[in-house]
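Colleague: Sharing run17.csv here; it has CSV, C-alpha atoms.
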chain,number,residue,atom,x,y,z
A,1,MET,CA,0.0,0.0,0.0
A,2,SER,CA,1.4,3.4,-1.0
A,3,GLU,CA,1.8,5.4,2.2
A,4,ILE,CA,1.7,8.7,0.4
A,5,LEU,CA,-1.5,10.0,-1.3
A,6,ALA,CA,-1.5,12.0,-4.6
A,7,SER,CA,-2.1,15.1,-2.4
A,8,GLY,CA,1.3,14.4,-0.7
A,9,GLU,CA,-0.3,13.6,2.6
A,10,SER,CA,0.5,10.4,4.5
A,11,LEU,CA,-2.2,7.8,4.1
A,12,PHE,CA,-1.9,6.7,7.7
A,13,GLY,CA,-2.7,8.6,10.8
A,14,ARG,CA,-5.3,11.2,11.7
A,15,PHE,CA,-7.2,13.0,8.9
A,16,VAL,CA,-9.6,15.9,8.9
A,17,GLY,CA,-12.1,16.8,6.1
A,18,ARG,CA,-14.2,15.2,3.6
A,19,GLN,CA,-11.6,15.3,0.8
A,20,ALA,CA,-9.1,13.6,3.1
A,21,PHE,CA,-11.6,10.9,3.8
A,22,ASN,CA,-12.4,10.4,0.1
A,23,ASP,CA,-8.7,10.3,-0.8
A,24,ARG,CA,-8.1,7.5,1.8
A,25,PHE,CA,-11.3,5.7,0.8
A,26,HIS,CA,-10.1,5.6,-2.9
A,27,ALA,CA,-6.6,4.5,-1.8
A,28,ALA,CA,-8.1,1.7,0.3
A,29,LEU,CA,-10.1,0.4,-2.6
A,30,ALA,CA,-7.1,0.5,-4.9
A,31,THR,CA,-5.1,-1.4,-2.3
A,32,ALA,CA,-7.9,-3.9,-1.8
A,33,HIS,CA,-7.6,-4.7,-5.6
A,34,ALA,CA,-3.8,-4.6,-5.7
A,35,GLN,CA,-3.4,-6.9,-2.6
A,36,SER,CA,-6.3,-9.1,-3.5
A,37,TRP,CA,-8.2,-8.6,-0.2
A,38,GLN,CA,-10.8,-11.3,0.1
A,39,HIS,CA,-13.2,-9.4,2.2
A,40,LEU,CA,-14.3,-5.7,2.7
A,41,VAL,CA,-16.5,-4.2,5.3
A,42,LEU,CA,-18.3,-0.9,4.8
A,43,SER,CA,-20.3,0.5,7.7
A,44,ASP,CA,-22.0,3.9,8.1
A,45,ASP,CA,-25.2,5.4,9.5
A,46,ASP,CA,-26.5,6.0,6.0
A,47,PHE,CA,-23.5,6.5,3.6
A,48,ALA,CA,-24.8,10.1,2.9
A,49,ASP,CA,-21.3,11.6,2.6
A,50,TRP,CA,-19.4,8.7,1.2
A,51,PRO,CA,-18.2,8.8,-2.4
A,52,LEU,CA,-20.2,5.7,-3.3
A,53,GLY,CA,-21.8,7.2,-6.4
A,54,GLU,CA,-18.6,8.3,-8.0
A,55,ARG,CA,-17.5,6.6,-11.2
A,56,GLY,CA,-14.0,6.0,-9.8
A,57,THR,CA,-15.5,4.2,-6.8
A,58,LEU,CA,-17.4,1.8,-9.0
A,59,GLU,CA,-14.4,1.3,-11.2
A,60,ALA,CA,-12.4,0.4,-8.2
A,61,LEU,CA,-15.1,-2.0,-6.8
A,62,ASN,CA,-15.4,-3.7,-10.2
A,63,ALA,CA,-11.7,-4.2,-10.4
A,64,TRP,CA,-11.7,-5.7,-6.9
A,65,SER,CA,-14.8,-7.9,-7.3
A,66,HIS,CA,-13.5,-11.3,-8.4
A,67,SER,CA,-14.2,-14.8,-7.4
A,68,ARG,CA,-14.2,-15.7,-3.7
A,69,ARG,CA,-14.3,-12.0,-2.7
A,70,THR,CA,-17.1,-10.8,-0.4
A,71,VAL,CA,-18.2,-7.5,1.0
A,72,THR,CA,-20.4,-6.9,4.1
A,73,ILE,CA,-22.3,-3.6,4.4
A,74,TYR,CA,-23.9,-2.2,7.6
A,75,ALA,CA,-26.2,0.8,7.8
A,76,ARG,CA,-28.9,2.2,10.0
A,77,SER,CA,-30.8,3.0,6.8
A,78,TYR,CA,-30.1,2.6,3.1
A,79,GLY,CA,-32.7,5.2,2.1
A,80,PHE,CA,-30.1,7.9,1.2
A,81,ALA,CA,-27.9,5.4,-0.7
A,82,VAL,CA,-30.8,4.1,-2.7
A,83,ALA,CA,-32.0,7.6,-3.6
A,84,ASN,CA,-28.6,9.2,-4.3
A,85,HIS,CA,-25.9,6.6,-5.0
A,86,HIS,CA,-27.4,5.1,-8.2
A,87,ARG,CA,-24.1,3.7,-9.5
A,88,PHE,CA,-23.5,1.9,-6.2
A,89,VAL,CA,-27.1,0.5,-6.1
A,90,ALA,CA,-26.5,-0.8,-9.7
A,91,TRP,CA,-23.2,-2.3,-8.6
A,92,ARG,CA,-24.9,-4.0,-5.6
A,93,LYS,CA,-27.4,-5.6,-7.9
A,94,GLN,CA,-24.8,-6.8,-10.4
A,95,TRP,CA,-22.6,-8.2,-7.6
A,96,GLN,CA,-25.4,-9.5,-5.3
A,97,HIS,CA,-23.7,-12.9,-5.0
A,98,ILE,CA,-20.8,-11.3,-3.1
A,99,VAL,CA,-22.6,-8.7,-1.1
A,100,THR,CA,-24.2,-9.2,2.3
A,101,ALA,CA,-26.0,-6.2,3.5
A,102,TRP,CA,-27.4,-5.6,7.0
A,103,VAL,CA,-29.6,-2.9,8.5
A,104,CYS,CA,-29.4,-1.9,12.1
A,105,PRO,CA,-32.1,0.8,12.8
A,106,GLY,CA,-32.0,0.3,16.6
A,107,ILE,CA,-28.5,1.6,17.0
A,108,ALA,CA,-28.1,5.3,17.8
A,109,GLN,CA,-26.6,7.4,15.0
A,110,SER,CA,-23.8,8.5,17.4
A,111,GLU,CA,-22.9,4.9,18.1
A,112,PHE,CA,-22.9,3.6,14.6
A,113,PRO,CA,-19.3,3.0,13.3
A,114,SER,CA,-18.3,4.7,10.1
A,115,VAL,CA,-15.6,2.5,8.7
A,116,LEU,CA,-14.0,0.7,5.8
A,117,MET,CA,-12.1,-2.4,6.8
A,118,GLY,CA,-9.8,-4.8,5.1
A,119,PRO,CA,-8.0,-7.8,6.6
A,120,GLN,CA,-5.3,-5.7,8.2
A,121,PHE,CA,-6.5,-2.2,7.6
A,122,VAL,CA,-9.1,0.2,9.1
A,123,LEU,CA,-10.3,3.6,7.8
A,124,GLN,CA,-12.5,5.0,10.5
A,125,ARG,CA,-14.3,8.3,10.7
A,126,ILE,CA,-14.4,8.9,14.5
A,127,ASP,CA,-16.4,12.1,14.1
A,128,PRO,CA,-18.4,11.7,10.8
A,129,ALA,CA,-20.1,15.1,11.1
A,130,HIS,CA,-16.7,16.8,10.8
A,131,ALA,CA,-15.0,14.0,8.7
A,132,VAL,CA,-12.3,13.5,11.4
A,133,GLY,CA,-10.8,10.0,11.5
A,134,ILE,CA,-7.9,7.7,11.4
A,135,CYS,CA,-6.4,5.4,8.9
A,136,ASP,CA,-4.4,2.6,10.5
A,137,THR,CA,-2.9,-0.9,10.3
A,138,ASP,CA,-2.6,-1.2,14.1
A,139,ALA,CA,-3.7,-4.7,15.1
A,140,GLY,CA,-5.3,-3.5,18.4
A,141,ARG,CA,-7.5,-1.0,16.5
A,142,ILE,CA,-8.5,-3.6,13.9
A,143,VAL,CA,-9.4,-6.2,16.6
A,144,ALA,CA,-11.4,-3.5,18.5
A,145,MET,CA,-13.3,-2.6,15.4
A,146,ARG,CA,-14.0,-6.2,14.5
A,147,GLU,CA,-15.4,-6.7,17.9
A,148,ARG,CA,-17.6,-3.6,17.5
A,149,LEU,CA,-18.8,-4.9,14.1
A,150,ASP,CA,-19.5,-8.3,15.6
A,151,GLU,CA,-21.7,-6.7,18.2
A,152,LEU,CA,-23.4,-4.7,15.5
A,153,GLN,CA,-24.0,-7.9,13.5
A,154,SER,CA,-25.8,-9.5,16.5
A,155,LYS,CA,-28.4,-6.7,16.3
A,156,ALA,CA,-28.7,-6.6,12.5
A,157,THR,CA,-31.3,-7.9,10.1
A,158,PRO,CA,-30.9,-8.4,6.3
A,159,GLY,CA,-31.3,-5.1,4.4
A,160,PHE,CA,-30.6,-3.3,1.1
A,161,ALA,CA,-31.9,-6.1,-1.1
A,162,ALA,CA,-30.5,-6.4,-4.6
A,163,SER,CA,-34.1,-6.6,-6.0
A,164,VAL,CA,-37.6,-6.2,-4.7
A,165,LEU,CA,-39.9,-9.1,-5.5
A,166,GLY,CA,-43.6,-8.3,-5.9
A,167,LEU,CA,-46.7,-10.3,-6.4
Let me see whether you can do it: turn the structure in this file into structure tokens.
Modeller:
Amino acid sequence: MSEILASGESLFGRFVGRQAFNDRFHAALATAHAQSWQHLVLSDDDFADWPLGERGTLEALNAWSHSRRTVTIYARSYGFAVANHHRFVAWRKQWQHIVTAWVCPGIAQSEFPSVLMGPQFVLQRIDPAHAVGICDTDAGRIVAMRERLDELQSKATPGFAASVLGL
């Protein structure tokens, strides 16, 4: 993983601002493809200010999405993503066989983790309202986030269906 972003900033450590988050998000997806990560986790209250609808995001997800790869997504609500991230919704439909999506409406917005995780990588927005976060490979931080996501999973139900069946 390249530790220097195109902006000249270090990938790892604390970051502030939406553009800093977006830069790290795109770098993480590029790394997931380059290093053949088998699993990604995306988690956010509603993904309202994530760059999921950008063409570059979908190109990166398509490059990464190969056999035996999976992605797990958690949200309190997918309403914003469905209404505003049309490319991502189409990608979710196309790759439904590798996507597991969960909804957790009972978790408070302030308690919901905003994170992209790989096998030994975490990009976490600690204060999503101000886009303040950390990008790290620290094993302790990764284990703590996995435990938090496991707890979230225990309260989740399937959500963000790839298609809606009607009668």
Colleague: Using all atoms listed in the file, find the one residue out of A:Ala161, A:Leu5, A:Leu11, A:Leu152 that sits nearest to Thr137 of chain A.
Modeller: A:Leu11
Colleague: Would you please work out which residue, of A:Val143, A:Ala27, A:Ala32, A:Val82, is nearest to Gly118 of chain A when using all atoms listed in the file?
Modeller: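 Under the stated criterion, the closest residue is A:Ala32.
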Colleague: Which one of A:Ala60, A:Ile4, A:Cys104, A:Ala131 sits closest to Gly17 of chain A if you count all atoms listed in the file?
Modeller: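 Nearest to Gly17 of chain A: A:Ala131.
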Colleague: For Arg68 of chain A, which residue among A:Ala6, A:Ala139, A:Ser36, A:Met117 is the nearest when counting all atoms listed in the file?
Modeller: A:Ser36
Colleague: If you measure from atom CA of Phe21 of chain A to atom CA of His97 of chain A, what distance in Å do you get, rounded to one decimal?
Modeller: 28.1 Å
Colleague: Between A:Ala63, A:Ala48, A:Val16, A:Leu149, which has the minimum distance to Ala81 of chain A (counting only C-alpha atoms)?
Modeller: A:Ala48
Colleague: Ser10 of chain A: which residues within 12 Å, counting only C-alpha atoms, same-chain residues fewer than 3 positions away excluded, as a list in words?
Modeller: Met1, Ser2, Glu3, Ile4, Leu5, Ala6, Ser7, Gly13, Arg14, Phe15, Ala20, Asp23, Arg24, Ala27, Ile134, Cys135 and Asp136 of chain A
Colleague: Taking all atoms listed in the file into account, name the residue in A:Ala90, A:Gly106, A:Asn84, A:Gln124 that is nearest to Ala28 of chain A.
Modeller: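 Looking at the shortest contact to Ala28 of chain A, the residue is A:Gln124.
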Colleague: Please provide the set of residues having any atom within 8 Å of Thr100 of chain A, restricted to all atoms listed in the file, with same-chain residues fewer than 3 positions apart removed, written as a PyMOL selection string.
Modeller: chain A and resi 70-73+96+158
Colleague: For the atom pair atom CA of Val89 of chain A and atom CA of Ala162 of chain A, what is the interatomic distance in Å to one decimal place?
Modeller: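 Computing the Euclidean distance for atom CA of Val89 of chain A and atom CA of Ala162 of chain A yields 7.8 Å.
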Colleague: Here's a test: counting only C-alpha atoms, identify every protein, DNA and RNA residue with an atom at most 12 Å from (-14.7, 9.2, -6.0) in the file's coordinate frame, and state them as a list of chain:residue names.
Modeller: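 Within 12 Å of (-14.7, 9.2, -6.0), the protein and nucleic acid residues are A:Arg18, A:Gln19, A:Ala20, A:Phe21, A:Asn22, A:Asp23, A:Arg24, A:Phe25, A:His26, A:Ala27, A:Ala28, A:Leu29, A:Ala30, A:Asp49, A:Trp50, A:Pro51, A:Leu52, A:Gly53, A:Glu54, A:Arg55, A:Gly56, A:Thr57, A:Leu58, A:Glu59, A:Ala60, A:Leu61, A:His85, A:Arg87, A:Phe88.
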